[in-house]
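Engineer: Input structure: coords_4.txt, which contains compact mmCIF, C-alpha atoms.
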```txt
# COMPACT_ATOMS: atom_id res chain seq x y z
CA MET T 1 -24.54 0.90 79.70
CA SER T 2 -24.25 2.36 76.20
CA ILE T 3 -23.95 -0.17 73.43
CA ILE T 4 -23.91 0.82 69.79
CA GLU T 5 -24.62 -1.57 66.95
CA GLU T 6 -22.13 -0.92 64.19
CA ALA T 7 -22.92 -2.30 60.77
CA SER T 8 -19.30 -2.23 59.63
CA LEU T 9 -18.33 -4.80 62.26
CA HIS T 10 -18.55 -8.23 60.71
CA SER T 11 -18.15 -11.47 62.54
CA GLU T 12 -17.18 -13.73 59.65
CA THR T 13 -13.67 -14.16 60.93
CA PRO T 14 -14.04 -14.69 64.66
CA LYS T 15 -11.01 -14.23 66.83
CA PRO T 16 -10.51 -15.46 70.39
CA SER T 17 -11.97 -13.26 73.09
CA HIS T 18 -9.46 -10.96 74.69
CA PHE T 19 -9.62 -9.27 78.10
CA ARG T 20 -7.21 -6.68 79.45
CA GLY T 21 -7.37 -4.09 82.21
CA LEU T 22 -5.31 -1.26 83.61
CA GLY T 23 -6.30 1.04 86.42
CA HIS T 24 -10.04 1.50 86.42
CA LEU T 25 -10.53 0.54 82.77
CA VAL T 26 -11.16 -2.93 81.37
CA PHE T 27 -11.09 -3.63 77.63
CA VAL T 28 -12.95 -6.60 76.18
CA LEU T 29 -12.75 -7.79 72.59
CA LEU T 30 -15.25 -10.56 72.04
CA GLU T 31 -15.19 -13.26 69.42
CA SER T 32 -18.29 -11.79 67.89
CA LYS T 33 -16.14 -8.80 66.93
CA SER T 34 -17.51 -6.62 69.67
CA PHE T 35 -15.37 -4.09 71.52
CA LEU T 36 -16.40 -3.06 75.01
CA THR T 37 -14.91 -0.94 77.74
CA PHE T 38 -15.82 -1.05 81.41
CA ASP T 39 -15.15 2.03 83.53
CA LEU T 40 -15.08 0.62 87.06
CA LEU T 41 -14.76 4.01 88.68
CA ARG T 42 -17.86 5.49 87.08
CA ARG T 43 -19.68 2.16 86.72
CA ASN T 44 -20.17 2.60 83.00
CA VAL T 45 -20.07 0.13 80.16
CA PHE T 46 -19.87 1.22 76.60
CA GLY T 47 -18.92 -0.32 73.33
CA VAL T 48 -19.75 -1.28 69.82
CA ILE T 49 -21.09 -4.63 68.76
CA SER T 50 -21.70 -6.28 65.44
CA PRO T 51 -25.26 -6.64 64.10
CA ALA T 52 -24.91 -10.41 64.52
CA ALA T 53 -24.05 -9.99 68.22
CA ALA T 54 -26.87 -7.48 68.74
CA LYS T 55 -29.42 -10.05 67.57
CA ASP T 56 -27.88 -12.96 69.45
CA SER T 57 -29.48 -13.76 72.82
CA TYR T 58 -26.47 -15.99 73.63
CA PHE T 59 -24.22 -12.92 73.33
CA TRP T 60 -26.34 -10.93 75.78
CA ASN T 61 -27.24 -13.66 78.26
CA VAL T 62 -24.10 -15.79 78.32
CA GLN T 63 -21.43 -13.25 77.47
CA LEU T 64 -22.19 -9.58 77.99
CA LEU T 65 -24.37 -9.64 81.11
CA PRO T 66 -22.28 -12.16 83.10
CA ILE T 67 -19.08 -10.38 82.07
CA THR T 68 -20.59 -7.07 83.17
CA LEU T 69 -21.60 -8.44 86.54
CA GLY T 70 -18.22 -10.11 86.93
CA LEU T 71 -16.32 -6.90 86.23
CA LEU T 72 -18.59 -4.28 87.77
CA GLY T 73 -20.13 -6.38 90.54
CA ALA T 74 -17.45 -5.51 93.06
CA THR T 75 -18.18 -1.81 92.55
CA VAL T 76 -21.84 -2.21 93.53
CA GLY T 77 -21.48 -4.60 96.45
CA VAL T 78 -21.94 -7.83 94.51
CA SER T 79 -19.03 -10.24 94.88
CA PRO T 80 -18.40 -12.71 92.07
CA LEU T 81 -17.27 -16.01 93.64
CA HIS T 82 -15.92 -18.89 91.61
CA CYS T 83 -18.37 -21.57 92.68
CA ALA T 84 -21.64 -23.17 91.70
CA CYS T 85 -24.89 -22.67 93.56
CA LEU T 86 -27.85 -25.01 93.79
CA ASP T 87 -30.99 -24.78 95.85
CA ARG T 88 -32.96 -27.39 97.73
CA ASN T 89 -36.23 -26.29 99.28
CA GLY T 90 -35.07 -22.69 99.59
CA SER T 91 -31.63 -23.47 101.04
CA GLY T 92 -28.59 -22.69 98.96
CA LEU T 93 -25.71 -25.11 98.46
CA MET T 94 -22.49 -23.52 97.21
CA ILE T 95 -19.93 -25.82 95.63
CA ALA T 96 -16.37 -24.56 95.33
CA GLY T 97 -13.24 -26.35 94.25
CA ASP T 98 -10.09 -25.97 92.24
CA ALA T 99 -10.17 -26.06 88.44
CA GLY T 100 -10.77 -29.64 87.29
CA ALA T 101 -12.31 -30.77 90.57
CA GLY T 102 -15.59 -31.45 88.79
CA LYS T 103 -17.89 -28.67 90.00
CA SER T 104 -19.84 -28.49 86.77
CA THR T 105 -20.36 -32.23 86.33
CA LEU T 106 -21.47 -32.38 89.96
CA THR T 107 -23.84 -29.45 89.34
CA ALA T 108 -25.33 -31.33 86.39
CA ALA T 109 -25.63 -34.51 88.45
CA LEU T 110 -27.39 -32.62 91.25
CA ALA T 111 -29.67 -31.01 88.67
CA LYS T 112 -30.63 -34.50 87.51
CA ARG T 113 -31.56 -35.34 91.11
CA GLY T 114 -33.95 -32.40 91.23
CA PHE T 115 -31.83 -29.72 92.83
CA THR T 116 -32.66 -26.28 91.47
CA VAL T 117 -29.78 -24.73 89.54
CA VAL T 118 -28.88 -21.14 90.36
CA SER T 119 -25.41 -20.98 88.81
CA ASP T 120 -22.67 -23.18 87.51
CA ASP T 121 -19.31 -21.46 87.23
CA TRP T 122 -19.75 -18.07 88.87
CA THR T 123 -22.09 -17.05 91.65
CA TYR T 124 -22.69 -13.39 92.48
CA VAL T 125 -23.18 -12.87 96.20
CA SER T 126 -24.62 -9.79 97.82
CA HIS T 127 -25.37 -9.12 101.43
CA ARG T 128 -27.43 -6.73 103.45
CA PRO T 129 -27.55 -6.90 107.21
CA GLY T 130 -28.94 -10.31 108.08
CA LYS T 131 -29.52 -11.32 104.47
CA LEU T 132 -27.08 -13.07 102.22
CA THR T 133 -28.16 -13.76 98.63
CA ALA T 134 -26.48 -15.84 95.95
CA HIS T 135 -27.45 -14.78 92.44
CA GLY T 136 -27.12 -16.64 89.16
CA MET T 137 -27.47 -15.43 85.61
CA TYR T 138 -29.37 -18.35 84.10
CA ALA T 139 -26.09 -19.19 82.42
CA PRO T 140 -25.76 -22.65 80.88
CA ILE T 141 -23.83 -25.44 82.57
CA LYS T 142 -20.49 -25.98 80.88
CA LEU T 143 -19.52 -29.66 80.59
CA LEU T 144 -16.38 -31.06 79.03
CA PRO T 145 -16.89 -33.52 76.16
CA ASP T 146 -15.99 -36.59 78.24
CA SER T 147 -18.89 -35.95 80.62
CA ILE T 148 -21.18 -37.52 78.03
CA ARG T 149 -20.43 -40.86 79.68
CA TYR T 150 -22.42 -39.74 82.74
CA PHE T 151 -25.04 -37.74 80.88
CA PRO T 152 -26.40 -39.49 77.81
CA GLU T 153 -28.79 -36.52 77.46
CA LEU T 154 -25.85 -34.63 75.96
CA ARG T 155 -26.08 -36.70 72.77
CA ARG T 156 -28.72 -34.28 71.56
CA SER T 157 -26.25 -31.37 71.91
CA ALA T 158 -22.91 -30.59 70.31
CA PRO T 159 -19.81 -29.27 72.04
CA LYS T 160 -18.56 -25.90 70.85
CA LYS T 161 -15.83 -23.41 71.61
CA THR T 162 -16.61 -21.43 74.75
CA LEU T 163 -15.58 -17.95 75.85
CA ASN T 164 -12.27 -19.13 77.30
CA GLY T 165 -11.45 -21.16 74.20
CA GLU T 166 -12.29 -24.58 75.68
CA ILE T 167 -14.40 -27.03 73.71
CA ALA T 168 -17.39 -27.92 75.86
CA TYR T 169 -21.11 -28.53 75.94
CA GLU T 170 -23.03 -25.52 77.15
CA VAL T 171 -26.44 -26.74 78.13
CA SER T 172 -29.53 -25.39 79.80
CA ALA T 173 -30.23 -27.33 83.00
CA ALA T 174 -33.94 -26.86 82.42
CA LYS T 175 -33.94 -28.16 78.86
CA VAL T 176 -31.41 -30.97 79.11
CA PHE T 177 -31.85 -32.23 82.68
CA HIS T 178 -35.42 -30.99 83.20
CA SER T 179 -34.20 -29.34 86.38
CA PRO T 180 -35.84 -26.28 87.86
CA VAL T 181 -33.74 -23.13 87.65
CA LYS T 182 -33.98 -19.93 89.64
CA ALA T 183 -32.23 -16.59 89.84
CA CYS T 184 -31.19 -16.59 93.48
CA SER T 185 -31.00 -18.51 96.71
CA ALA T 186 -30.07 -18.01 100.34
CA PRO T 187 -26.73 -19.76 100.95
CA LYS T 188 -26.85 -22.26 103.79
CA TRP T 189 -24.20 -24.87 103.03
CA LEU T 190 -20.72 -24.78 101.51
CA LEU T 191 -18.94 -27.74 99.98
CA PHE T 192 -15.29 -27.65 98.94
CA LEU T 193 -14.92 -30.39 96.37
CA GLU T 194 -11.73 -32.44 96.22
CA ARG T 195 -11.12 -35.45 93.94
CA THR T 196 -9.35 -38.45 95.41
CA SER T 197 -8.50 -41.89 94.10
CA VAL T 198 -10.18 -43.51 97.11
CA PRO T 199 -13.72 -44.70 96.33
CA GLY T 200 -16.51 -43.22 98.41
CA CYS T 201 -17.54 -39.78 99.57
CA HIS T 202 -16.21 -38.30 102.78
CA PHE T 203 -17.60 -35.13 104.29
CA VAL T 204 -15.02 -33.47 106.53
CA PRO T 205 -16.19 -30.44 108.53
CA CYS T 206 -14.10 -27.39 107.66
CA ARG T 207 -11.89 -25.89 110.29
CA PRO T 208 -12.74 -22.29 111.25
CA GLY T 209 -11.32 -19.90 108.70
CA HIS T 210 -11.06 -22.45 105.88
CA ALA T 211 -13.84 -20.93 103.78
CA THR T 212 -12.66 -17.37 104.31
CA GLN T 213 -9.12 -18.30 103.38
CA TYR T 214 -10.24 -20.25 100.32
CA PHE T 215 -12.39 -17.47 98.87
CA GLU T 216 -9.90 -14.71 99.72
CA ASN T 217 -7.05 -16.66 98.14
CA ASN T 218 -9.06 -17.28 95.00
CA ALA T 219 -10.46 -13.77 94.60
CA GLU T 220 -9.27 -11.63 91.74
CA LYS T 221 -6.99 -8.77 92.72
CA LEU T 222 -8.82 -5.46 92.58
CA PRO T 223 -7.24 -2.19 91.45
CA ALA T 224 -6.19 0.49 93.90
CA GLU T 225 -8.75 2.80 92.29
CA LEU T 226 -11.51 0.82 94.07
CA PRO T 227 -10.44 0.94 97.71
CA GLY T 228 -13.88 0.12 99.12
CA ALA T 229 -14.57 -2.80 96.80
CA ALA T 230 -12.04 -5.22 98.29
CA GLU T 231 -13.25 -4.37 101.78
CA ALA T 232 -16.89 -4.98 100.82
CA ARG T 233 -15.96 -8.27 99.18
CA SER T 234 -14.10 -9.39 102.29
CA GLU T 235 -17.18 -8.69 104.36
CA THR T 236 -19.31 -10.75 101.95
CA ILE T 237 -16.79 -13.58 102.16
CA ARG T 238 -16.82 -13.36 105.94
CA GLN T 239 -20.61 -13.62 105.92
CA ILE T 240 -20.73 -16.54 103.53
CA SER T 241 -18.04 -18.34 105.50
CA MET T 242 -20.46 -18.51 108.40
CA CYS T 243 -22.50 -21.13 106.49
CA GLN T 244 -22.10 -24.78 107.51
CA SER T 245 -19.17 -26.03 105.47
CA TRP T 246 -17.45 -29.27 104.61
CA ILE T 247 -14.63 -30.51 102.45
CA LEU T 248 -16.09 -33.23 100.24
CA ARG T 249 -13.46 -35.77 99.24
CA THR T 250 -14.83 -38.00 96.54
CA GLY T 251 -13.48 -40.84 94.51
CA ASP T 252 -16.90 -41.65 93.12
CA ASP T 253 -18.41 -40.60 89.82
CA PRO T 254 -20.53 -37.44 89.79
CA LEU T 255 -23.85 -39.28 89.87
CA ARG T 256 -22.95 -41.24 93.01
CA THR T 257 -21.40 -38.14 94.55
CA ALA T 258 -24.63 -36.23 93.93
CA GLN T 259 -26.59 -39.00 95.63
CA ALA T 260 -24.22 -38.87 98.61
CA ILE T 261 -24.74 -35.12 98.91
CA ASP T 262 -28.50 -35.51 98.65
CA ASP T 263 -28.43 -38.09 101.45
CA PHE T 264 -25.98 -36.14 103.59
CA LEU T 265 -27.52 -32.69 103.64
CA PRO T 266 -30.09 -32.25 106.37
CA GLU T 267 -33.63 -31.50 105.29
CA ALA T 268 -34.08 -27.73 105.29
CA MET Y 269 16.43 -3.80 88.58
CA GLU Y 270 14.01 -6.66 88.20
CA PHE Y 271 11.87 -6.75 85.07
CA THR Y 272 8.60 -8.53 84.70
CA SER Y 273 8.05 -9.61 81.16
CA PRO Y 274 4.34 -10.05 80.52
CA SER Y 275 5.21 -13.02 78.34
CA ASN Y 276 6.03 -14.96 81.47
CA TYR Y 277 3.58 -13.10 83.66
CA ARG Y 278 1.12 -15.71 84.86
CA ASN Y 279 -1.07 -14.75 87.75
CA PRO Y 280 -4.36 -16.63 87.91
CA LEU Y 281 -5.76 -13.89 90.10
CA ASP Y 282 -4.85 -11.20 87.60
CA LEU Y 283 -6.24 -12.49 84.32
CA LEU Y 284 -6.64 -8.94 83.05
CA ARG Y 285 -2.91 -8.26 83.65
CA ARG Y 286 -3.63 -5.14 85.61
CA PHE Y 287 -0.70 -5.74 87.88
CA VAL Y 288 2.11 -6.31 85.38
CA SER Y 289 4.90 -4.27 86.90
CA THR Y 290 6.02 -1.22 84.95
CA PRO Y 291 9.38 -0.34 86.47
CA LEU Y 292 10.66 1.85 83.62
CA ARG Y 293 9.83 5.51 83.86
CA THR Y 294 10.53 8.66 81.90
CA ARG Y 295 9.18 12.17 81.66
CA PHE Y 296 8.92 14.22 78.53
CA ARG Y 297 7.19 17.32 77.36
CA PHE Y 298 5.44 18.43 74.23
CA GLY Y 299 4.02 21.91 74.10
CA ARG Y 300 2.50 22.70 77.47
CA ILE Y 301 1.98 19.09 78.37
CA ALA Y 302 4.34 17.17 80.60
CA VAL Y 303 3.96 13.41 80.46
CA LEU Y 304 5.11 10.82 82.94
CA VAL Y 305 5.41 7.41 81.27
CA ASP Y 306 5.51 4.09 83.13
CA THR Y 307 6.18 0.97 81.13
CA ASN Y 308 7.59 -2.54 81.26
CA ASP Y 309 9.50 -2.28 77.98
CA PHE Y 310 12.38 -0.02 76.94
CA SER Y 311 11.03 0.16 73.41
CA LEU Y 312 7.85 1.80 74.72
CA LEU Y 313 9.70 4.78 76.12
CA PRO Y 314 8.95 7.67 73.74
CA THR Y 315 12.06 9.16 72.19
CA LEU Y 316 11.01 12.73 72.86
CA PRO Y 317 13.00 15.42 74.69
CA LEU Y 318 13.18 14.74 78.40
CA ASP Y 319 11.28 17.08 80.62
CA SER Y 320 13.70 18.74 82.97
CA ALA Y 321 11.42 21.42 84.40
CA SER Y 322 7.75 20.67 84.57
CA GLU Y 323 6.97 22.81 87.57
CA ASP Y 324 5.55 25.59 85.39
CA PHE Y 325 2.20 26.83 86.55
CA ASP Y 326 0.84 26.46 83.04
CA THR Y 327 1.90 22.84 82.61
CA PHE Y 328 -0.66 20.09 82.24
CA ALA Y 329 0.61 16.83 83.61
CA PHE Y 330 -0.44 13.52 82.11
CA LYS Y 331 0.35 10.00 83.18
CA TRP Y 332 0.72 7.26 80.60
CA LYS Y 333 0.96 3.61 81.53
CA LEU Y 334 2.00 1.46 78.58
CA VAL Y 335 2.30 -2.29 78.84
CA ARG Y 336 4.01 -4.44 76.24
CA ASP Y 337 1.67 -7.40 75.83
CA SER Y 338 4.10 -10.01 74.56
CA ASP Y 339 1.48 -12.75 74.34
CA VAL Y 340 -0.52 -10.83 71.77
CA PHE Y 341 0.48 -11.13 68.15
CA GLY Y 342 -0.73 -9.33 65.06
CA HIS Y 343 -0.40 -5.83 63.72
CA LEU Y 344 -2.29 -2.63 64.31
CA GLN Y 345 -5.71 -2.56 62.76
CA GLU Y 346 -7.74 0.43 61.73
CA PRO Y 347 -8.52 2.42 64.90
CA LEU Y 348 -11.99 2.16 66.35
CA VAL Y 349 -12.51 5.24 68.52
CA LEU Y 350 -15.19 5.54 71.21
CA LEU Y 351 -15.85 8.80 73.02
CA THR Y 352 -17.82 9.22 76.21
CA GLY Y 353 -18.07 12.08 78.67
CA GLU Y 354 -14.71 11.43 80.29
CA LEU Y 355 -13.07 8.72 78.23
CA THR Y 356 -11.56 8.23 74.84
CA ILE Y 357 -11.15 4.55 74.00
CA VAL Y 358 -9.25 3.32 70.98
CA GLY Y 359 -9.09 -0.26 69.79
CA MET Y 360 -6.73 -1.27 67.01
CA GLY Y 361 -7.43 -4.96 67.43
CA PRO Y 362 -5.75 -6.93 70.23
CA ALA Y 363 -2.40 -5.42 69.22
CA CYS Y 364 -3.29 -2.07 70.71
CA LEU Y 365 -5.93 -1.13 73.24
CA LEU Y 366 -5.90 2.42 74.60
CA GLY Y 367 -8.00 4.20 77.17
CA LEU Y 368 -7.63 7.87 77.99
CA ASP Y 369 -9.37 9.32 81.01
CA ARG Y 370 -9.53 13.01 80.19
CA GLN Y 371 -10.76 13.97 83.62
CA ARG Y 372 -8.01 12.12 85.49
CA ARG Y 373 -5.39 12.79 82.83
CA GLU Y 374 -4.42 9.16 82.67
CA LEU Y 375 -3.77 7.09 79.60
CA PHE Y 376 -3.58 3.31 79.73
CA GLY Y 377 -2.43 1.14 76.87
CA PHE Y 378 -1.53 -2.41 75.91
CA VAL Y 379 0.77 -2.78 72.93
CA GLY Y 380 1.20 -6.19 71.28
CA ALA Y 381 4.45 -8.02 70.60
CA GLU Y 382 4.53 -7.33 66.87
CA VAL Y 383 4.07 -3.58 67.11
CA ASP Y 384 7.66 -2.60 66.37
CA THR Y 385 9.61 0.41 67.49
CA LYS Y 386 9.04 2.24 64.23
CA ALA Y 387 5.26 1.82 64.41
CA PHE Y 388 5.29 2.82 68.05
CA GLN Y 389 7.51 5.89 67.76
CA GLU Y 390 6.25 7.13 64.41
CA PHE Y 391 2.56 6.35 64.66
CA LEU Y 392 1.48 5.58 68.20
CA VAL Y 393 3.45 8.22 70.10
CA PRO Y 394 2.17 11.10 67.92
CA PHE Y 395 -1.32 9.59 68.19
CA LEU Y 396 -1.09 9.46 72.00
CA CYS Y 397 0.24 13.02 72.08
CA ARG Y 398 -2.68 14.15 69.97
CA LEU Y 399 -5.18 12.40 72.24
CA SER Y 400 -3.55 14.00 75.28
CA THR Y 401 -3.56 17.45 73.67
CA GLU Y 402 -7.23 17.16 72.75
CA ALA Y 403 -8.03 16.06 76.29
CA THR Y 404 -6.10 19.01 77.70
CA GLU Y 405 -7.89 21.44 75.43
CA ALA Y 406 -11.23 19.96 76.49
CA ASN Y 407 -10.18 20.33 80.14
CA ARG Y 408 -9.11 23.92 79.59
CA ARG Y 409 -12.46 24.77 78.05
CA GLU Y 410 -14.26 23.18 81.01
CA ILE Y 411 -12.07 25.09 83.49
CA ILE Y 412 -12.61 28.39 81.71
CA GLU Y 413 -16.35 27.77 81.53
CA GLY Y 414 -16.29 26.89 85.24
CA ILE Y 415 -14.48 30.14 86.08
CA LYS Y 416 -16.94 32.14 83.97
CA LYS Y 417 -19.87 30.44 85.68
CA ASP Y 418 -18.38 31.09 89.14
CA ALA Y 419 -17.93 34.76 88.20
CA VAL Y 420 -21.54 35.04 87.02
CA ASP Y 421 -22.78 33.25 90.15
CA ALA Y 422 -20.72 35.61 92.34
```
Can the structure in the file be given as structure tokens, please?

Structural biologist:
Amino acid sequence: MSIIEEASLHSETPKPSHFRGLGHLVFVLLESKSFLTFDLLRRNVFGVISPAAAKDSYFWNVQLLPITLGLLGATVGVSPLHCACLDRNGSGLMIAGDAGAGKSTLTAALAKRGFTVVSDDWTYVSHRPGKLTAHGMYAPIKLLPDSIRYFPELRRSAPKKTLNGEIAYEVSAAKVFHSPVKACSAPKWLLFLERTSVPGCHFVPCRPGHATQYFENNAEKLPAELPGAAEARSETIRQISMCQSWILRTGDDPLRTAQAIDDFLPEA
Amino acid sequence: MEFTSPSNYRNPLDLLRRFVSTPLRTRFRFGRIAVLVDTNDFSLLPTLPLDSASEDFDTFAFKWKLVRDSDVFGHLQEPLVLLTGELTIVGMGPACLLGLDRQRRELFGFVGAEVDTKAFQEFLVPFLCRLSTEATEANRREIIEGIKKDAVDA
């Protein structure tokens, strides 16, 4: 990774972040007026960043490093999966679900119940024979403004524009919910979250192949220049799909849903 | 022929727009360089003489892939050029992002909606030709140095 700080780049007039890719190259223009290129074939990152970005830990921890892992992960055997990961007594709980299902509010609610937070939006999964590991990046939990009704703790924070342009709270689970956080966990359970209008929480065991199909169908297409990466990712997905898995249909609020999960999961 | 306009290209599994189809193709030549261009927009086909015979031994073949990014507005900004061992990257704001892989002789580019034909043909095409020429010259030097080294080793 070669990053140059360029004094002529100013960030007074931020513009929305912009991502594009062709072949093995990915271009990223960040709001902080930083320009980065990812060479997936040679596993290189290089770019220029503004002095403001260079000094900003948020830029490094919440933007550059997660973006780098998200883009280059597949080239080094780490599969980015769109799901949250929490840990209870050393066992990992992965929570997947379509956009708007409420993964992040549920993550926050579980954090309040004492689950350890590994990741919120993206989890980076690697596997070696017999060992599957879910990694997080200590990224903040992103909560939409209306989630304040479940989490009065958010009153001490202010929502702001996030990388994808949404207005949301981005909060540290440790600081706001006093939850432990950790960098990785061993996945044991999978939950596929679905919202319903029927009150209550229902845990429906997944049919064989459900998890594999879900993650494969939701995985980003990879370029032809990386023929081994898609294969490696499929193997990771196959491994993670061997965890105990359920579809969780909930019509309850996130706090009650978190309690139901806490009660439902067997003690590790 | 079916055209995929990136303005209505919405694939949640291709947020980077890597897989926008580029069904338009032309070949042209400048100097000793033959270029194959793939694009999704007629206006991004360079108006240079078509290459009718690029089988010459001395020809360097390049591949350009140029995508009209119709969701991106704004004009070209001052180029920011980054050079690494194998790549030349040029950013002119979101309206134009270019990456040239000198080793693989591939050039990839996104061109925004408001970059008009005049700006493309009169500024960008000569710029891309210059980048490709410089890359070819760099390759030639490497090849010659490689041949010299092989001769010394032998």

Engineer: Write out as a list in words which residues come within 9 Å of Glu220 (chain T) when counting all atoms listed in the file, dropping same-chain ones fewer than 4 positions away.

Structural biologist: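 In the requested format, the answer is Glu216 of chain T; Pro280, Leu281, Asp282 and Leu283 of chain Y.
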
Engineer: Measuring between all atoms listed in the file, which one of T:Pro223, T:Cys184, T:Arg195, T:Ser104 shows the shortest distance to Gly21 (chain T)?

Structural biologist: T:Pro223

Engineer: Looking at all atoms listed in the file, which of Y:Arg285, Y:His343, Y:Arg278, Y:Arg398 is the one that sits closest to chain T?

Structural biologist: Y:Arg285

Engineer: Which distance in Å separates CA of Asp87 (chain T) and CA of Asp263 (chain T), to one decimal?

Structural biologist: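 The value is 14.7 Å.
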
Engineer: How many Å separate CA of Gly100 (chain T) from CA of Ser197 (chain T)?

Structural biologist: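 Between these atoms lies a distance of 14.2 Å.
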
Engineer: What is the distance between CA of Arg20 (chain T) and CA of Pro80 (chain T), in Å to one decimal?

Structural biologist: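 It comes out at 17.9 Å.
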